[in-house]
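Novice: Just one file: coords19.cif, with mmCIF, C-alpha atoms; chains and numbers go by the auth columns.
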data_entry
loop_
_atom_site.group_PDB
_atom_site.id
_atom_site.type_symbol
_atom_site.label_atom_id
_atom_site.label_comp_id
_atom_site.label_asym_id
_atom_site.label_seq_id
_atom_site.Cartn_x
_atom_site.Cartn_y
_atom_site.Cartn_z
_atom_site.B_iso_or_equiv
_atom_site.auth_seq_id
_atom_site.auth_asym_id
ATOM 1 C CA MET A 1 -85.700 -43.116 38.492 0.00 1 J
ATOM 2 C CA THR A 2 -87.763 -45.589 40.477 0.00 2 J
ATOM 3 C CA LYS A 3 -87.215 -48.098 43.254 0.00 3 J
ATOM 4 C CA ALA A 4 -86.204 -50.660 40.608 0.00 4 J
ATOM 5 C CA ASP A 5 -83.178 -48.510 39.684 0.00 5 J
ATOM 6 C CA LEU A 6 -82.166 -48.250 43.346 0.00 6 J
ATOM 7 C CA VAL A 7 -82.427 -52.046 43.580 0.00 7 J
ATOM 8 C CA GLU A 8 -80.268 -52.405 40.459 0.00 8 J
ATOM 9 C CA ASN A 9 -77.573 -50.134 41.949 0.00 9 J
ATOM 10 C CA VAL A 10 -77.568 -52.086 45.233 0.00 10 J
ATOM 11 C CA TYR A 11 -77.358 -55.344 43.255 0.00 11 J
ATOM 12 C CA LEU A 12 -74.370 -54.090 41.229 0.00 12 J
ATOM 13 C CA LYS A 13 -72.534 -52.773 44.299 0.00 13 J
ATOM 14 C CA THR A 14 -73.049 -55.597 46.774 0.00 14 J
ATOM 15 C CA GLY A 15 -73.224 -58.964 45.060 0.00 15 J
ATOM 16 C CA PHE A 16 -76.540 -59.771 46.691 0.00 16 J
ATOM 17 C CA SER A 17 -79.109 -61.296 44.333 0.00 17 J
ATOM 18 C CA LYS A 18 -81.729 -59.060 42.725 0.00 18 J
ATOM 19 C CA LYS A 19 -84.367 -60.560 44.991 0.00 19 J
ATOM 20 C CA GLU A 20 -82.285 -59.898 48.115 0.00 20 J
ATOM 21 C CA SER A 21 -81.410 -56.400 46.917 0.00 21 J
ATOM 22 C CA ALA A 22 -85.116 -55.656 46.377 0.00 22 J
ATOM 23 C CA GLU A 23 -85.974 -56.897 49.857 0.00 23 J
ATOM 24 C CA ILE A 24 -83.238 -54.807 51.472 0.00 24 J
ATOM 25 C CA VAL A 25 -84.216 -51.613 49.622 0.00 25 J
ATOM 26 C CA GLU A 26 -87.841 -52.211 50.640 0.00 26 J
ATOM 27 C CA MET A 27 -86.674 -52.687 54.222 0.00 27 J
ATOM 28 C CA VAL A 28 -84.819 -49.361 54.251 0.00 28 J
ATOM 29 C CA PHE A 29 -87.965 -47.478 53.185 0.00 29 J
ATOM 30 C CA ASP A 30 -90.080 -49.490 55.649 0.00 30 J
ATOM 31 C CA ILE A 31 -87.798 -48.443 58.509 0.00 31 J
ATOM 32 C CA MET A 32 -88.041 -44.820 57.388 0.00 32 J
ATOM 33 C CA LYS A 33 -91.840 -44.950 57.092 0.00 33 J
ATOM 34 C CA THR A 34 -92.261 -46.530 60.522 0.00 34 J
ATOM 35 C CA THR A 35 -89.913 -43.982 62.078 0.00 35 J
ATOM 36 C CA LEU A 36 -91.756 -41.024 60.514 0.00 36 J
ATOM 37 C CA GLU A 37 -95.125 -42.529 61.400 0.00 37 J
ATOM 38 C CA GLY A 38 -93.970 -42.468 65.030 0.00 38 J
ATOM 39 C CA GLY A 39 -93.349 -38.714 64.695 0.00 39 J
ATOM 40 C CA ASP A 40 -89.558 -39.035 64.779 0.00 40 J
ATOM 41 C CA LYS A 41 -87.429 -37.116 62.275 0.00 41 J
ATOM 42 C CA ILE A 42 -84.776 -38.646 60.023 0.00 42 J
ATOM 43 C CA LYS A 43 -81.490 -36.865 59.421 0.00 43 J
ATOM 44 C CA ILE A 44 -79.387 -38.049 56.506 0.00 44 J
ATOM 45 C CA ALA A 45 -76.079 -36.166 56.473 0.00 45 J
ATOM 46 C CA GLY A 46 -75.276 -34.805 53.009 0.00 46 J
ATOM 47 C CA PHE A 47 -78.833 -35.418 51.797 0.00 47 J
ATOM 48 C CA GLY A 48 -81.410 -33.769 54.025 0.00 48 J
ATOM 49 C CA ASN A 49 -83.831 -34.085 56.919 0.00 49 J
ATOM 50 C CA PHE A 50 -87.332 -35.540 56.918 0.00 50 J
ATOM 51 C CA VAL A 51 -89.341 -33.774 59.610 0.00 51 J
ATOM 52 C CA VAL A 52 -92.875 -34.431 60.856 0.00 52 J
ATOM 53 C CA LYS A 53 -94.811 -31.243 61.671 0.00 53 J
ATOM 54 C CA ASP A 54 -98.139 -30.642 63.396 0.00 54 J
ATOM 55 C CA LYS A 55 -100.398 -28.157 61.608 0.00 55 J
ATOM 56 C CA ALA A 56 -103.195 -26.436 63.479 0.00 56 J
ATOM 57 C CA THR A 57 -106.753 -26.101 62.163 0.00 57 J
ATOM 58 C CA ARG A 58 -107.116 -23.068 59.886 0.00 58 J
ATOM 59 C CA ARG A 59 -109.663 -21.361 57.637 0.00 59 J
ATOM 60 C CA GLY A 60 -109.249 -21.897 53.941 0.00 60 J
ATOM 61 C CA ARG A 61 -111.117 -21.363 50.726 0.00 61 J
ATOM 62 C CA ASN A 62 -112.024 -23.719 47.946 0.00 62 J
ATOM 63 C CA PRO A 63 -110.182 -21.970 45.092 0.00 63 J
ATOM 64 C CA GLN A 64 -112.771 -23.203 42.596 0.00 64 J
ATOM 65 C CA THR A 65 -115.980 -22.105 44.328 0.00 65 J
ATOM 66 C CA GLY A 66 -114.675 -19.467 46.752 0.00 66 J
ATOM 67 C CA GLU A 67 -116.515 -21.273 49.517 0.00 67 J
ATOM 68 C CA GLU A 68 -114.918 -20.913 52.932 0.00 68 J
ATOM 69 C CA ILE A 69 -113.986 -24.170 54.585 0.00 69 J
ATOM 70 C CA GLU A 70 -112.179 -25.338 57.678 0.00 70 J
ATOM 71 C CA ILE A 71 -108.880 -27.111 57.078 0.00 71 J
ATOM 72 C CA THR A 72 -108.583 -29.591 59.917 0.00 72 J
ATOM 73 C CA SER A 73 -105.443 -29.984 62.005 0.00 73 J
ATOM 74 C CA ARG A 74 -103.066 -32.545 60.615 0.00 74 J
ATOM 75 C CA ARG A 75 -99.621 -33.995 60.812 0.00 75 J
ATOM 76 C CA ILE A 76 -97.488 -33.582 57.700 0.00 76 J
ATOM 77 C CA LEU A 77 -94.048 -34.593 56.507 0.00 77 J
ATOM 78 C CA THR A 78 -91.584 -32.040 55.189 0.00 78 J
ATOM 79 C CA PHE A 79 -88.179 -32.502 53.588 0.00 79 J
ATOM 80 C CA LYS A 80 -85.408 -29.993 54.164 0.00 80 J
ATOM 81 C CA PRO A 81 -82.569 -30.634 51.701 0.00 81 J
ATOM 82 C CA SER A 82 -79.014 -30.323 52.985 0.00 82 J
ATOM 83 C CA GLN A 83 -76.699 -27.539 51.770 0.00 83 J
ATOM 84 C CA VAL A 84 -74.533 -30.249 50.187 0.00 84 J
ATOM 85 C CA LEU A 85 -77.409 -31.558 48.043 0.00 85 J
ATOM 86 C CA LYS A 86 -78.575 -28.056 47.103 0.00 86 J
ATOM 87 C CA ALA A 87 -75.039 -27.080 46.065 0.00 87 J
ATOM 88 C CA ALA A 88 -74.609 -30.277 44.022 0.00 88 J
ATOM 89 C CA ILE A 89 -77.872 -29.642 42.154 0.00 89 J
ATOM 90 C CA ASN A 90 -76.832 -26.088 41.331 0.00 90 J
ATOM 91 C CA GLY A 91 -73.539 -27.222 39.833 0.00 91 J
ATOM 92 C CA PRO A 92 -69.913 -26.341 40.585 0.00 92 J
ATOM 93 C CA GLU A 93 -70.177 -22.653 39.559 0.00 93 J
ATOM 94 C CA ASP A 94 -72.440 -21.866 42.529 0.00 94 J
ATOM 95 C CA MET B 1 -83.068 -41.050 63.607 0.00 1 U
ATOM 96 C CA THR B 2 -79.716 -40.406 61.958 0.00 2 U
ATOM 97 C CA LYS B 3 -78.196 -42.238 59.021 0.00 3 U
ATOM 98 C CA SER B 4 -76.071 -44.375 61.340 0.00 4 U
ATOM 99 C CA GLU B 5 -79.158 -45.310 63.368 0.00 5 U
ATOM 100 C CA LEU B 6 -80.919 -46.242 60.127 0.00 6 U
ATOM 101 C CA ILE B 7 -77.949 -48.462 59.213 0.00 7 U
ATOM 102 C CA GLU B 8 -78.029 -50.020 62.677 0.00 8 U
ATOM 103 C CA GLN B 9 -81.782 -50.701 62.435 0.00 9 U
ATOM 104 C CA LEU B 10 -81.248 -52.316 59.029 0.00 10 U
ATOM 105 C CA THR B 11 -78.671 -54.775 60.393 0.00 11 U
ATOM 106 C CA TYR B 12 -81.085 -55.507 63.243 0.00 12 U
ATOM 107 C CA ASP B 13 -84.065 -56.160 60.932 0.00 13 U
ATOM 108 C CA ASN B 14 -82.003 -58.214 58.464 0.00 14 U
ATOM 109 C CA GLU B 15 -79.620 -60.508 60.342 0.00 15 U
ATOM 110 C CA VAL B 16 -77.855 -61.570 57.109 0.00 16 U
ATOM 111 C CA LEU B 17 -76.414 -58.067 56.642 0.00 17 U
ATOM 112 C CA ASN B 18 -73.279 -56.937 58.404 0.00 18 U
ATOM 113 C CA LYS B 19 -72.733 -53.307 59.297 0.00 19 U
ATOM 114 C CA ARG B 20 -70.377 -52.622 56.381 0.00 20 U
ATOM 115 C CA GLU B 21 -72.901 -53.971 53.866 0.00 21 U
ATOM 116 C CA ALA B 22 -75.813 -52.098 55.447 0.00 22 U
ATOM 117 C CA GLU B 23 -73.763 -48.902 55.316 0.00 23 U
ATOM 118 C CA MET B 24 -72.907 -49.464 51.651 0.00 24 U
ATOM 119 C CA ILE B 25 -76.583 -50.050 50.788 0.00 25 U
ATOM 120 C CA VAL B 26 -77.945 -47.022 52.650 0.00 26 U
ATOM 121 C CA ASN B 27 -75.245 -44.825 51.121 0.00 27 U
ATOM 122 C CA SER B 28 -75.988 -46.248 47.667 0.00 28 U
ATOM 123 C CA ILE B 29 -79.689 -45.372 48.014 0.00 29 U
ATOM 124 C CA PHE B 30 -79.173 -41.735 48.983 0.00 30 U
ATOM 125 C CA ASP B 31 -76.235 -41.266 46.588 0.00 31 U
ATOM 126 C CA SER B 32 -78.345 -42.660 43.730 0.00 32 U
ATOM 127 C CA ILE B 33 -81.262 -40.346 44.516 0.00 33 U
ATOM 128 C CA GLY B 34 -78.923 -37.355 44.828 0.00 34 U
ATOM 129 C CA GLN B 35 -77.145 -38.182 41.570 0.00 35 U
ATOM 130 C CA ALA B 36 -80.454 -38.542 39.710 0.00 36 U
ATOM 131 C CA LEU B 37 -81.505 -35.090 40.970 0.00 37 U
ATOM 132 C CA VAL B 38 -78.162 -33.580 39.923 0.00 38 U
ATOM 133 C CA GLU B 39 -78.881 -34.929 36.437 0.00 39 U
ATOM 134 C CA GLY B 40 -82.327 -33.311 36.571 0.00 40 U
ATOM 135 C CA ASP B 41 -84.093 -36.658 36.783 0.00 41 U
ATOM 136 C CA ARG B 42 -87.215 -37.247 38.866 0.00 42 U
ATOM 137 C CA VAL B 43 -87.135 -39.997 41.488 0.00 43 U
ATOM 138 C CA GLU B 44 -90.317 -41.793 42.434 0.00 44 U
ATOM 139 C CA ILE B 45 -90.450 -44.234 45.348 0.00 45 U
ATOM 140 C CA ARG B 46 -93.902 -45.839 45.454 0.00 46 U
ATOM 141 C CA GLY B 47 -95.516 -45.539 48.875 0.00 47 U
ATOM 142 C CA PHE B 48 -92.839 -43.164 50.104 0.00 48 U
ATOM 143 C CA GLY B 49 -92.769 -40.122 47.871 0.00 49 U
ATOM 144 C CA SER B 50 -91.113 -38.457 44.897 0.00 50 U
ATOM 145 C CA PHE B 51 -88.142 -36.147 44.577 0.00 51 U
ATOM 146 C CA THR B 52 -88.007 -33.493 41.876 0.00 52 U
ATOM 147 C CA VAL B 53 -85.917 -30.443 41.103 0.00 53 U
ATOM 148 C CA ARG B 54 -87.767 -27.121 41.157 0.00 54 U
ATOM 149 C CA GLU B 55 -86.562 -23.931 39.532 0.00 55 U
ATOM 150 C CA ARG B 56 -86.585 -20.797 41.649 0.00 56 U
ATOM 151 C CA ASP B 57 -86.663 -17.454 39.804 0.00 57 U
ATOM 152 C CA ALA B 58 -84.123 -14.741 40.464 0.00 58 U
ATOM 153 C CA ARG B 59 -85.394 -12.297 43.078 0.00 59 U
ATOM 154 C CA GLU B 60 -84.437 -9.323 45.152 0.00 60 U
ATOM 155 C CA ALA B 61 -84.259 -9.669 48.884 0.00 61 U
ATOM 156 C CA ARG B 62 -83.021 -7.652 51.796 0.00 62 U
ATOM 157 C CA ASN B 63 -80.163 -8.382 54.113 0.00 63 U
ATOM 158 C CA PRO B 64 -82.048 -8.286 57.417 0.00 64 U
ATOM 159 C CA LYS B 65 -79.012 -6.907 59.288 0.00 65 U
ATOM 160 C CA SER B 66 -77.995 -4.058 56.972 0.00 66 U
ATOM 161 C CA GLY B 67 -81.224 -3.521 55.036 0.00 67 U
ATOM 162 C CA ASP B 68 -79.282 -3.648 51.766 0.00 68 U
ATOM 163 C CA ILE B 69 -81.084 -5.004 48.714 0.00 69 U
ATOM 164 C CA VAL B 70 -79.370 -8.122 47.432 0.00 70 U
ATOM 165 C CA ARG B 71 -79.951 -9.851 44.107 0.00 71 U
ATOM 166 C CA ILE B 72 -80.492 -13.576 44.428 0.00 72 U
ATOM 167 C CA SER B 73 -79.901 -15.365 41.148 0.00 73 U
ATOM 168 C CA ALA B 74 -82.190 -18.082 39.788 0.00 74 U
ATOM 169 C CA LYS B 75 -81.458 -21.449 41.281 0.00 75 U
ATOM 170 C CA LYS B 76 -82.648 -24.996 41.555 0.00 76 U
ATOM 171 C CA THR B 77 -83.845 -26.656 44.690 0.00 77 U
ATOM 172 C CA PRO B 78 -84.722 -30.271 45.505 0.00 78 U
ATOM 173 C CA PHE B 79 -88.373 -30.831 46.340 0.00 79 U
ATOM 174 C CA PHE B 80 -90.006 -33.813 48.033 0.00 80 U
ATOM 175 C CA LYS B 81 -93.684 -34.669 47.705 0.00 81 U
ATOM 176 C CA THR B 82 -94.858 -37.203 50.259 0.00 82 U
ATOM 177 C CA GLY B 83 -96.530 -40.281 48.759 0.00 83 U
ATOM 178 C CA LYS B 84 -100.115 -41.217 49.556 0.00 84 U
ATOM 179 C CA GLU B 85 -99.340 -44.166 51.831 0.00 85 U
ATOM 180 C CA LEU B 86 -96.764 -42.284 53.907 0.00 86 U
ATOM 181 C CA ARG B 87 -98.913 -39.123 54.037 0.00 87 U
ATOM 182 C CA GLU B 88 -101.768 -41.146 55.501 0.00 88 U
ATOM 183 C CA ARG B 89 -99.528 -43.019 57.929 0.00 89 U
ATOM 184 C CA VAL B 90 -97.896 -39.834 59.232 0.00 90 U
ATOM 185 C CA ASN B 91 -101.193 -38.000 59.623 0.00 91 U
ATOM 186 C CA ILE B 92 -102.478 -39.292 62.938 0.00 92 U
ATOM 187 C CA PRO B 93 -105.298 -36.865 63.785 0.00 93 U
#
Output the file's structure as structure tokens, nothing else.
Specialist:
Amino acid sequence: MTKADLVENVYLKTGFSKKESAEIVEMVFDIMKTTLEGGDKIKIAGFGNFVVKDKATRRGRNPQTGEEIEITSRRILTFKPSQVLKAAINGPED
Amino acid sequence: MTKSELIEQLTYDNEVLNKREAEMIVNSIFDSIGQALVEGDRVEIRGFGSFTVRERDAREARNPKSGDIVRISAKKTPFFKTGKELRERVNIP
């Protein structure tokens, strides 16, 4: 599934044109990207949370050469799926 | 930001949308992604990231309170890999 399928679903559900639906879907992801870029987390009930985390500098190794390198501090994005989504993916017997 | 704040921001950024429509659209997006994952499909949103389902093997773990060994059966878990654009935008050194 790609963004085009999300656009198609929005188009079928709302009655907006395909062009409008594409713009709106793009806008939703733009809002999310800008929010996360600002370091804020996004909580979508029933789906999961997108959380920005600060990672400190640490020592690492190039797995190919064994050479020791410094992994610089960075800010990363993590996704924590909700219990609802996890349960749905595991089917009704779980 | 919560889902309702996302909906609110969407109606603010796009003045044509009313709240009910914005809500329907945001719900449609996350429901569609969730449904695709339930069906085992991979979801790729260019510039944002991709969602996949990963298989976790059965394992033995301990109940930290009682110390009892518990069997945890194999299960699936949703996984998100941040896309290049978003990874770079989030990573402000």
Novice: Nearest to chain J: which of U:Val38, U:Leu17, U:Ala22, U:Ala58 is it, counting only C-alpha atoms?
Specialist: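 Of the candidates, the smallest distance to chain J is held by U:Val38.
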Novice: Based on all atoms listed in the file, which of the residues in chain J come within 9 Å of chain U? I want them as a ChimeraX atom specification.
Specialist: /J:1-3,5-7,9-10,13-14,21,24-25,27-47,52,54,72-81,85-91
Novice: Since we have the selection now, will you write its residues out, keeping C-alpha atoms, as a PDB file, keeping the file's coordinate frame?
Specialist:
ATOM      1  CA  MET J   1     -85.700 -43.116  38.492  1.00  0.00           C
ATOM      2  CA  THR J   2     -87.763 -45.589  40.477  1.00  0.00           C
ATOM      3  CA  LYS J   3     -87.215 -48.098  43.254  1.00  0.00           C
ATOM      4  CA  ASP J   5     -83.178 -48.510  39.684  1.00  0.00           C
ATOM      5  CA  LEU J   6     -82.166 -48.250  43.346  1.00  0.00           C
ATOM      6  CA  VAL J   7     -82.427 -52.046  43.580  1.00  0.00           C
ATOM      7  CA  ASN J   9     -77.573 -50.134  41.949  1.00  0.00           C
ATOM      8  CA  VAL J  10     -77.568 -52.086  45.233  1.00  0.00           C
ATOM      9  CA  LYS J  13     -72.534 -52.773  44.299  1.00  0.00           C
ATOM     10  CA  THR J  14     -73.049 -55.597  46.774  1.00  0.00           C
ATOM     11  CA  SER J  21     -81.410 -56.400  46.917  1.00  0.00           C
ATOM     12  CA  ILE J  24     -83.238 -54.807  51.472  1.00  0.00           C
ATOM     13  CA  VAL J  25     -84.216 -51.613  49.622  1.00  0.00           C
ATOM     14  CA  MET J  27     -86.674 -52.687  54.222  1.00  0.00           C
ATOM     15  CA  VAL J  28     -84.819 -49.361  54.251  1.00  0.00           C
ATOM     16  CA  PHE J  29     -87.965 -47.478  53.185  1.00  0.00           C
ATOM     17  CA  ASP J  30     -90.080 -49.490  55.649  1.00  0.00           C
ATOM     18  CA  ILE J  31     -87.798 -48.443  58.509  1.00  0.00           C
ATOM     19  CA  MET J  32     -88.041 -44.820  57.388  1.00  0.00           C
ATOM     20  CA  LYS J  33     -91.840 -44.950  57.092  1.00  0.00           C
ATOM     21  CA  THR J  34     -92.261 -46.530  60.522  1.00  0.00           C
ATOM     22  CA  THR J  35     -89.913 -43.982  62.078  1.00  0.00           C
ATOM     23  CA  LEU J  36     -91.756 -41.024  60.514  1.00  0.00           C
ATOM     24  CA  GLU J  37     -95.125 -42.529  61.400  1.00  0.00           C
ATOM     25  CA  GLY J  38     -93.970 -42.468  65.030  1.00  0.00           C
ATOM     26  CA  GLY J  39     -93.349 -38.714  64.695  1.00  0.00           C
ATOM     27  CA  ASP J  40     -89.558 -39.035  64.779  1.00  0.00           C
ATOM     28  CA  LYS J  41     -87.429 -37.116  62.275  1.00  0.00           C
ATOM     29  CA  ILE J  42     -84.776 -38.646  60.023  1.00  0.00           C
ATOM     30  CA  LYS J  43     -81.490 -36.865  59.421  1.00  0.00           C
ATOM     31  CA  ILE J  44     -79.387 -38.049  56.506  1.00  0.00           C
ATOM     32  CA  ALA J  45     -76.079 -36.166  56.473  1.00  0.00           C
ATOM     33  CA  GLY J  46     -75.276 -34.805  53.009  1.00  0.00           C
ATOM     34  CA  PHE J  47     -78.833 -35.418  51.797  1.00  0.00           C
ATOM     35  CA  VAL J  52     -92.875 -34.431  60.856  1.00  0.00           C
ATOM     36  CA  ASP J  54     -98.139 -30.642  63.396  1.00  0.00           C
ATOM     37  CA  THR J  72    -108.583 -29.591  59.917  1.00  0.00           C
ATOM     38  CA  SER J  73    -105.443 -29.984  62.005  1.00  0.00           C
ATOM     39  CA  ARG J  74    -103.066 -32.545  60.615  1.00  0.00           C
ATOM     40  CA  ARG J  75     -99.621 -33.995  60.812  1.00  0.00           C
ATOM     41  CA  ILE J  76     -97.488 -33.582  57.700  1.00  0.00           C
ATOM     42  CA  LEU J  77     -94.048 -34.593  56.507  1.00  0.00           C
ATOM     43  CA  THR J  78     -91.584 -32.040  55.189  1.00  0.00           C
ATOM     44  CA  PHE J  79     -88.179 -32.502  53.588  1.00  0.00           C
ATOM     45  CA  LYS J  80     -85.408 -29.993  54.164  1.00  0.00           C
ATOM     46  CA  PRO J  81     -82.569 -30.634  51.701  1.00  0.00           C
ATOM     47  CA  LEU J  85     -77.409 -31.558  48.043  1.00  0.00           C
ATOM     48  CA  LYS J  86     -78.575 -28.056  47.103  1.00  0.00           C
ATOM     49  CA  ALA J  87     -75.039 -27.080  46.065  1.00  0.00           C
ATOM     50  CA  ALA J  88     -74.609 -30.277  44.022  1.00  0.00           C
ATOM     51  CA  ILE J  89     -77.872 -29.642  42.154  1.00  0.00           C
ATOM     52  CA  ASN J  90     -76.832 -26.088  41.331  1.00  0.00           C
ATOM     53  CA  GLY J  91     -73.539 -27.222  39.833  1.00  0.00           C
TER      54      GLY J  91
END
Novice: Expressed in Å to a single decimal, how great is the separation between atom CA of Arg56 of chain U and atom CA of Thr65 of chain J?
Specialist: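 Spanning atom CA of Arg56 of chain U to atom CA of Thr65 of chain J is a straight-line distance of 29.5 Å.
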Novice: Quick one: 8 Å padding each side, axis-aligned, all listed atoms of segment 58-61 of chain U - centre and edge lengths in Å to one decimal, as AutoDock Vina command-line options?
Specialist:
--center_x -84.8 --center_y -12.0 --center_z 44.7 --size_x 17.3 --size_y 21.4 --size_z 24.4
Novice: Using atom CA of Glu20 of chain J and atom CA of Glu8 of chain J as the two end points, give the distance in Å to one decimal.
Specialist: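 The value is 10.9 Å.
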Novice: So how far away is atom CA of Val51 of chain J from atom CA of Ser82 of chain J, in Å?
Specialist: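 Result for atom CA of Ser82 of chain J versus atom CA of Val51 of chain J: 12.7 Å, one decimal.
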Novice: Evaluated on this file, the PyMOL selection byres ((chain U and resi 60) around 9) picks out some residues - which ones are they, written as a list in words?
Specialist: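 Applying the expression gives Ala58, Arg59, Ala61, Arg62, Ile69, Val70, Arg71, Ile72 and Ser73 of chain U.
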